[in-house]
Amino acid sequence: MTQPILLRVSNFKAYVWDVDDINILRSHHHICGILTGTLPHLSSQNIFLGLPLQLMPEEAVLLVENGVAVLVDDPNAHHAPSPSALKLWKEARLNDARQQIALTEEKGSIEASNPDRAMSENAKRKRKEREERRARAKADAAPSVPAEDSPSPHHPTSENPSQAAIGESPDGAIVMPSGSYTVNVPASSSKLEWYAPHFHGSLTTAREAGIWLYPSTLQERARCGVFRDLWEKGYYMGGGIKFGGEYLVYPVVTPSVIIRTLLQSVIDAPDAALRPMEIVAHGRLGTGTKKAHLLCEWNDETKLYLISLSNGQDLGEGII
């Protein structure tokens with residue numbers, strides 16, 4: 001049996017932290033979400049985003065109701081680690097740092113044994129200039145202390161400076177190495193021994209636990225109904241706030257092209273008041289954004305009813 005996808009809830013927002021789960025949501029359930037995290041060492045971090053993936057409330061409700069995912073109270077799932085678990089975690093970090101330093105030193109020794117391999121004349125010249133600058137800076141920074149006055153070390157030095165200060169200190173604490181290495185921070189906490197999540201497989205139990213309240217109003221229930229109906233017909237949907245609507249709807253998606261983008265607004269109920277000026281504004285909004293604007297209403301009997309507006313003309317209406 002396939003394990004349900006964990007939707008980690010924090011501040012009433014659902015996040016997905018596992019890359020494989022994101023792939024499953026997109027490829028098998030046509031759920032897109034929005035990446036909200038930053039990527040390390042990337043310059044344009046406000047454009048190219050990474051984990052976690054934040055889901056719209058309608059997407060989370062749909063996945064939980066279909067049994068694809070469960071809600072997790074993420075802040076309360078992290079418990080204080082035991083001393084033994086914390087020691088194992090620190091030892092794993094120490095071993096990872098040692099492996100990185102060993103690989104770096106092996107690569108450096110290979111390059112030092114053949115420094116001119118695959119280097120152009122310009123690269124060789126720049127390398128020689130860098131070495132000369134480093135030598136001058138080292139000579140300028142050296143203190144002018146006579147050799148007989150220089151203090152002698154009280155402990156033997158290791159041939160490899162990166163191997164110094166590795167292991168445990170006299171008081172038993174694990175000391176990290178002094179060489180250069182990358183600290184790997186896992187995106188998901190699932191593999192941590194002190195991470196013990198409590199799963200909520202239904203919206204009712206999640207609401208009783210106080211971690212999830214959506215949907216709680218007539219407008220929210222209408223949004224969930226409209227979202228589910230279009231999702232079941234195979235549409236891809238994302239946030240439409242940039243274009244003035246609830247959702248951005250992609251009716252036809254192929255591997256190479258997206259055909260006819262729609263902008264969607266949800267009306268609370270069939271008997272909800274809709275002023276003529278609102279219809280005109282929605283039509284002009286669709287024209288300005290070069291998208292067909294859908295006015296959608298929902299009830300339990302007729303399901304989804306919509307009117308499509310674009311370029312000042314009605315493109316169709318009815319139940320789909």
# chains A, B, ... in the order shown; residues from 1 in each chain; ligands from 1
call {"tool": "residues_around", "arguments": {"residues": "Gly50 (chain A)", "least_positions_apart": "3", "cutoff": "8 Å", "atoms": "only C-alpha atoms", "output": "VMD selection string"}}
result
chain A and resid 35 to 39 53
call {"tool": "atom_distance", "arguments": {"atom1": "CA of Pro40 (chain A)", "atom2": "CA of Tyr236 (chain A)"}}
result
29.3 Å
call {"tool": "closest_residue", "arguments": {"among": "A:Leu51, A:Ala139, A:Leu71, A:Leu86", "to": "Gly33 (chain A)", "atoms": "only C-alpha atoms"}}
result
A:Leu51
call {"tool": "residues_around", "arguments": {"residues": "Val266 (chain A)", "least_positions_apart": "5", "cutoff": "12 Å", "atoms": "only C-alpha atoms", "output": "PyMOL selection string"}}
result
chain A and resi 218-227+240+244-248+272+274+282+293-299+304-307
call {"tool": "atom_distance", "arguments": {"atom1": "CA of Pro57 (chain A)", "atom2": "CA of Asn76 (chain A)"}}
result
20.6 Å
call {"tool": "residues_around", "arguments": {"residues": "Leu88 (chain A)", "least_positions_apart": "5", "cutoff": "12 Å", "atoms": "only C-alpha atoms", "output": "list in words"}}
result
Pro81, Ser82, Pro83, Arg93, Leu94, Asn95, Ile174, Leu192, Glu193 and Trp194 of chain A
call {"tool": "write_last_selection", "arguments": {"atoms": "N, CA, C and O atoms", "output": "mmCIF file, in the first residue's frame"}}
result
data_model
loop_
_atom_site.group_PDB
_atom_site.id
_atom_site.type_symbol
_atom_site.label_atom_id
_atom_site.label_comp_id
_atom_site.auth_asym_id
_atom_site.auth_seq_id
_atom_site.Cartn_x
_atom_site.Cartn_y
_atom_site.Cartn_z
ATOM 1 N N PRO A 81 15.489 15.723 21.695
ATOM 2 C CA PRO A 81 16.205 14.460 21.466
ATOM 3 C C PRO A 81 16.861 13.949 22.742
ATOM 4 O O PRO A 81 17.268 14.727 23.615
ATOM 5 N N SER A 82 16.970 12.644 22.836
ATOM 6 C CA SER A 82 17.686 12.036 23.960
ATOM 7 C C SER A 82 19.183 12.229 23.778
ATOM 8 O O SER A 82 19.658 12.446 22.656
ATOM 9 N N PRO A 83 19.959 12.156 24.855
ATOM 10 C CA PRO A 83 21.420 12.318 24.709
ATOM 11 C C PRO A 83 22.039 11.325 23.739
ATOM 12 O O PRO A 83 22.933 11.677 22.965
ATOM 13 N N ARG A 93 27.237 13.714 11.502
ATOM 14 C CA ARG A 93 27.739 14.969 10.926
ATOM 15 C C ARG A 93 29.262 14.960 10.865
ATOM 16 O O ARG A 93 29.861 15.427 9.885
ATOM 17 N N LEU A 94 29.909 14.429 11.911
ATOM 18 C CA LEU A 94 31.373 14.374 11.950
ATOM 19 C C LEU A 94 31.909 13.474 10.833
ATOM 20 O O LEU A 94 32.863 13.831 10.135
ATOM 21 N N ASN A 95 31.290 12.312 10.644
ATOM 22 C CA ASN A 95 31.734 11.409 9.584
ATOM 23 C C ASN A 95 31.539 12.034 8.208
ATOM 24 O O ASN A 95 32.389 11.872 7.318
ATOM 25 N N ILE A 174 31.822 16.165 21.173
ATOM 26 C CA ILE A 174 32.320 15.943 19.817
ATOM 27 C C ILE A 174 32.743 17.272 19.213
ATOM 28 O O ILE A 174 31.991 18.250 19.223
ATOM 29 N N LEU A 192 14.722 11.954 11.271
ATOM 30 C CA LEU A 192 15.241 12.277 12.595
ATOM 31 C C LEU A 192 14.567 11.398 13.645
ATOM 32 O O LEU A 192 13.354 11.205 13.615
ATOM 33 N N GLU A 193 15.366 10.899 14.571
ATOM 34 C CA GLU A 193 14.842 9.975 15.574
ATOM 35 C C GLU A 193 13.852 10.650 16.504
ATOM 36 O O GLU A 193 12.918 10.017 17.004
ATOM 37 N N TRP A 194 14.018 11.930 16.733
ATOM 38 C CA TRP A 194 13.149 12.645 17.685
ATOM 39 C C TRP A 194 11.957 13.313 16.982
ATOM 40 O O TRP A 194 11.239 14.086 17.594
#
call {"tool": "closest_residue", "arguments": {"among": "A:Leu103, A:His30, A:Ala292, A:Ala196", "to": "Phe243 (chain A)", "atoms": "only C-alpha atoms"}}
result
A:Ala292
call {"tool": "closest_atom_pairs", "arguments": {"of": "region 25-82 of chain A", "to": "region 6-14 of chain A", "cutoff": "10 Å", "atoms": "only C-alpha atoms", "output": "Markdown table"}}
result
| residue | atom | partner | partner_atom | distance |
| --- | --- | --- | --- | --- |
| A:Gly33 | CA | A:Ala14 | CA | 10.0 |
| A:Pro52 | CA | A:Ala14 | CA | 9.7 |
| A:Leu53 | CA | A:Ala14 | CA | 8.4 |
| A:Gln54 | CA | A:Ala14 | CA | 5.9 |
| A:Leu55 | CA | A:Ala14 | CA | 5.7 |
| A:Met56 | CA | A:Ala14 | CA | 7.6 |
| A:Pro57 | CA | A:Lys13 | CA | 7.3 |
| A:Glu59 | CA | A:Ala14 | CA | 9.2 |
| A:Ala60 | CA | A:Ala14 | CA | 6.7 |
| A:Val61 | CA | A:Ala14 | CA | 9.8 |
| A:Leu63 | CA | A:Leu7 | CA | 9.3 |
| A:Val64 | CA | A:Leu7 | CA | 9.0 |
| A:Val68 | CA | A:Leu6 | CA | 9.2 |
| A:Ala69 | CA | A:Leu6 | CA | 5.8 |
| A:Val70 | CA | A:Leu6 | CA | 5.5 |
| A:Leu71 | CA | A:Leu7 | CA | 4.9 |
| A:Val72 | CA | A:Arg8 | CA | 4.8 |
| A:Asp73 | CA | A:Val9 | CA | 5.4 |
| A:Asp74 | CA | A:Arg8 | CA | 5.3 |
| A:Pro75 | CA | A:Ser10 | CA | 6.6 |
| A:Asn76 | CA | A:Ser10 | CA | 9.6 |
| A:Ala77 | CA | A:Arg8 | CA | 9.6 |
call {"tool": "write_last_selection", "arguments": {"atoms": "C-alpha atoms", "output": "compact mmCIF listing (two decimals), in the first residue's frame"}}
result
# COMPACT_ATOMS: atom_id res chain seq x y z
CA GLY A 33 1.51 24.31 -5.48
CA PRO A 52 9.15 23.61 0.67
CA LEU A 53 6.17 23.48 -1.66
CA GLN A 54 3.20 25.41 -0.25
CA LEU A 55 -0.24 24.16 -1.25
CA MET A 56 -3.37 26.21 -1.65
CA PRO A 57 -5.98 25.33 1.00
CA GLU A 59 -5.38 21.57 -2.86
CA ALA A 60 -4.76 20.34 0.68
CA VAL A 61 -8.48 19.70 1.29
CA LEU A 63 -5.75 15.56 -1.22
CA VAL A 64 -6.92 14.75 2.32
CA VAL A 68 -3.80 10.82 -0.92
CA ALA A 69 -2.32 12.84 1.96
CA VAL A 70 -2.58 13.35 5.71
CA LEU A 71 -2.15 16.51 7.77
CA VAL A 72 0.69 16.71 10.30
CA ASP A 73 1.01 19.17 13.17
CA ASP A 74 4.63 19.91 12.32
CA PRO A 75 5.62 22.33 15.13
CA ASN A 76 4.54 19.83 17.80
CA ALA A 77 6.11 16.84 16.01
call {"tool": "select_by_dssp", "arguments": {"residues": "region 17-143 of chain A", "states": "alpha helix (DSSP H)", "output": "NGL selection string"}}
result
:A and (19-29 or 57-65 or 83-113 or 121-141)
call {"tool": "decode", "arguments": {"residues": "region 201-215 of chain A", "atoms": "all heavy atoms", "output": "mmCIF file, in the first residue's frame"}}
result
data_model
loop_
_atom_site.group_PDB
_atom_site.id
_atom_site.type_symbol
_atom_site.label_atom_id
_atom_site.label_comp_id
_atom_site.auth_asym_id
_atom_site.auth_seq_id
_atom_site.Cartn_x
_atom_site.Cartn_y
_atom_site.Cartn_z
ATOM 1 N N GLY A 201 -5.898 12.011 9.288
ATOM 2 C CA GLY A 201 -6.355 11.538 7.992
ATOM 3 C C GLY A 201 -7.659 12.131 7.528
ATOM 4 O O GLY A 201 -8.120 11.823 6.423
ATOM 5 N N SER A 202 -8.281 12.965 8.332
ATOM 6 C CA SER A 202 -9.538 13.602 7.926
ATOM 7 C C SER A 202 -9.525 15.056 8.382
ATOM 8 O O SER A 202 -8.809 15.427 9.321
ATOM 9 C CB SER A 202 -10.749 12.878 8.538
ATOM 10 O OG SER A 202 -10.778 13.045 9.948
ATOM 11 N N LEU A 203 -10.337 15.860 7.715
ATOM 12 C CA LEU A 203 -10.418 17.275 8.082
ATOM 13 C C LEU A 203 -11.074 17.455 9.442
ATOM 14 O O LEU A 203 -10.780 18.415 10.159
ATOM 15 C CB LEU A 203 -11.208 18.040 7.012
ATOM 16 C CG LEU A 203 -10.612 18.033 5.591
ATOM 17 C CD1 LEU A 203 -11.546 18.758 4.634
ATOM 18 C CD2 LEU A 203 -9.238 18.675 5.580
ATOM 19 N N THR A 204 -11.946 16.522 9.814
ATOM 20 C CA THR A 204 -12.646 16.638 11.101
ATOM 21 C C THR A 204 -11.676 16.525 12.262
ATOM 22 O O THR A 204 -11.687 17.355 13.190
ATOM 23 C CB THR A 204 -13.731 15.556 11.205
ATOM 24 O OG1 THR A 204 -14.636 15.675 10.104
ATOM 25 C CG2 THR A 204 -14.492 15.694 12.512
ATOM 26 N N THR A 205 -10.815 15.502 12.241
ATOM 27 C CA THR A 205 -9.852 15.347 13.337
ATOM 28 C C THR A 205 -8.841 16.485 13.355
ATOM 29 O O THR A 205 -8.417 16.924 14.421
ATOM 30 C CB THR A 205 -9.128 14.004 13.201
ATOM 31 O OG1 THR A 205 -8.451 13.937 11.930
ATOM 32 C CG2 THR A 205 -10.108 12.852 13.311
ATOM 33 N N ALA A 206 -8.453 16.974 12.166
ATOM 34 C CA ALA A 206 -7.515 18.099 12.110
ATOM 35 C C ALA A 206 -8.153 19.365 12.666
ATOM 36 O O ALA A 206 -7.491 20.154 13.358
ATOM 37 C CB ALA A 206 -7.047 18.318 10.677
ATOM 38 N N ARG A 207 -9.450 19.534 12.398
ATOM 39 C CA ARG A 207 -10.144 20.703 12.937
ATOM 40 C C ARG A 207 -10.288 20.592 14.453
ATOM 41 O O ARG A 207 -10.141 21.578 15.178
ATOM 42 C CB ARG A 207 -11.520 20.833 12.263
ATOM 43 C CG ARG A 207 -12.260 22.108 12.641
ATOM 44 C CD ARG A 207 -13.573 22.234 11.882
ATOM 45 N NE ARG A 207 -13.342 22.516 10.462
ATOM 46 C CZ ARG A 207 -13.551 21.652 9.489
ATOM 47 N NH1 ARG A 207 -14.001 20.422 9.768
ATOM 48 N NH2 ARG A 207 -13.343 21.979 8.233
ATOM 49 N N GLU A 208 -10.556 19.396 14.927
ATOM 50 C CA GLU A 208 -10.662 19.206 16.382
ATOM 51 C C GLU A 208 -9.320 19.437 17.072
ATOM 52 O O GLU A 208 -9.281 19.915 18.202
ATOM 53 C CB GLU A 208 -11.164 17.791 16.681
ATOM 54 C CG GLU A 208 -12.607 17.559 16.251
ATOM 55 C CD GLU A 208 -13.016 16.110 16.414
ATOM 56 O OE1 GLU A 208 -12.128 15.278 16.739
ATOM 57 O OE2 GLU A 208 -14.208 15.799 16.225
ATOM 58 N N ALA A 209 -8.224 19.102 16.395
ATOM 59 C CA ALA A 209 -6.898 19.328 16.970
ATOM 60 C C ALA A 209 -6.468 20.784 16.876
ATOM 61 O O ALA A 209 -5.459 21.176 17.482
ATOM 62 C CB ALA A 209 -5.861 18.437 16.278
ATOM 63 N N GLY A 210 -7.201 21.594 16.120
ATOM 64 C CA GLY A 210 -6.899 23.010 16.020
ATOM 65 C C GLY A 210 -5.791 23.365 15.054
ATOM 66 O O GLY A 210 -5.251 24.474 15.127
ATOM 67 N N ILE A 211 -5.445 22.450 14.130
ATOM 68 C CA ILE A 211 -4.366 22.760 13.192
ATOM 69 C C ILE A 211 -4.890 23.121 11.803
ATOM 70 O O ILE A 211 -4.129 23.622 10.979
ATOM 71 C CB ILE A 211 -3.389 21.573 13.073
ATOM 72 C CG1 ILE A 211 -4.065 20.376 12.395
ATOM 73 C CG2 ILE A 211 -2.834 21.193 14.425
ATOM 74 C CD1 ILE A 211 -3.099 19.278 12.015
ATOM 75 N N TRP A 212 -6.183 22.870 11.534
ATOM 76 C CA TRP A 212 -6.722 23.140 10.198
ATOM 77 C C TRP A 212 -8.179 23.545 10.316
ATOM 78 O O TRP A 212 -8.965 22.857 10.974
ATOM 79 C CB TRP A 212 -6.593 21.893 9.312
ATOM 80 C CG TRP A 212 -6.868 22.166 7.867
ATOM 81 C CD1 TRP A 212 -8.029 21.937 7.189
ATOM 82 C CD2 TRP A 212 -5.967 22.739 6.922
ATOM 83 N NE1 TRP A 212 -7.910 22.321 5.877
ATOM 84 C CE2 TRP A 212 -6.645 22.810 5.683
ATOM 85 C CE3 TRP A 212 -4.646 23.174 6.993
ATOM 86 C CZ2 TRP A 212 -6.044 23.334 4.535
ATOM 87 C CZ3 TRP A 212 -4.051 23.681 5.852
ATOM 88 C CH2 TRP A 212 -4.746 23.751 4.643
ATOM 89 N N LEU A 213 -8.557 24.659 9.685
ATOM 90 C CA LEU A 213 -9.917 25.186 9.788
ATOM 91 C C LEU A 213 -10.621 25.289 8.448
ATOM 92 O O LEU A 213 -11.826 25.541 8.408
ATOM 93 C CB LEU A 213 -9.887 26.576 10.447
ATOM 94 C CG LEU A 213 -9.249 26.654 11.834
ATOM 95 C CD1 LEU A 213 -9.230 28.090 12.319
ATOM 96 C CD2 LEU A 213 -9.990 25.758 12.814
ATOM 97 N N TYR A 214 -9.914 25.135 7.356
ATOM 98 C CA TYR A 214 -10.470 25.334 6.014
ATOM 99 C C TYR A 214 -11.183 24.065 5.538
ATOM 100 O O TYR A 214 -10.638 22.968 5.735
ATOM 101 C CB TYR A 214 -9.318 25.669 5.059
ATOM 102 C CG TYR A 214 -9.716 26.367 3.788
ATOM 103 C CD1 TYR A 214 -9.676 27.746 3.685
ATOM 104 C CD2 TYR A 214 -10.120 25.632 2.680
ATOM 105 C CE1 TYR A 214 -10.011 28.385 2.509
ATOM 106 C CE2 TYR A 214 -10.467 26.261 1.506
ATOM 107 C CZ TYR A 214 -10.416 27.639 1.421
ATOM 108 O OH TYR A 214 -10.755 28.270 0.259
ATOM 109 N N PRO A 215 -12.410 24.161 4.949
ATOM 110 C CA PRO A 215 -13.215 25.369 4.750
ATOM 111 C C PRO A 215 -14.159 25.594 5.931
ATOM 112 O O PRO A 215 -14.697 24.641 6.483
ATOM 113 C CB PRO A 215 -13.988 25.027 3.476
ATOM 114 C CG PRO A 215 -14.177 23.541 3.548
ATOM 115 C CD PRO A 215 -12.959 22.987 4.234
#
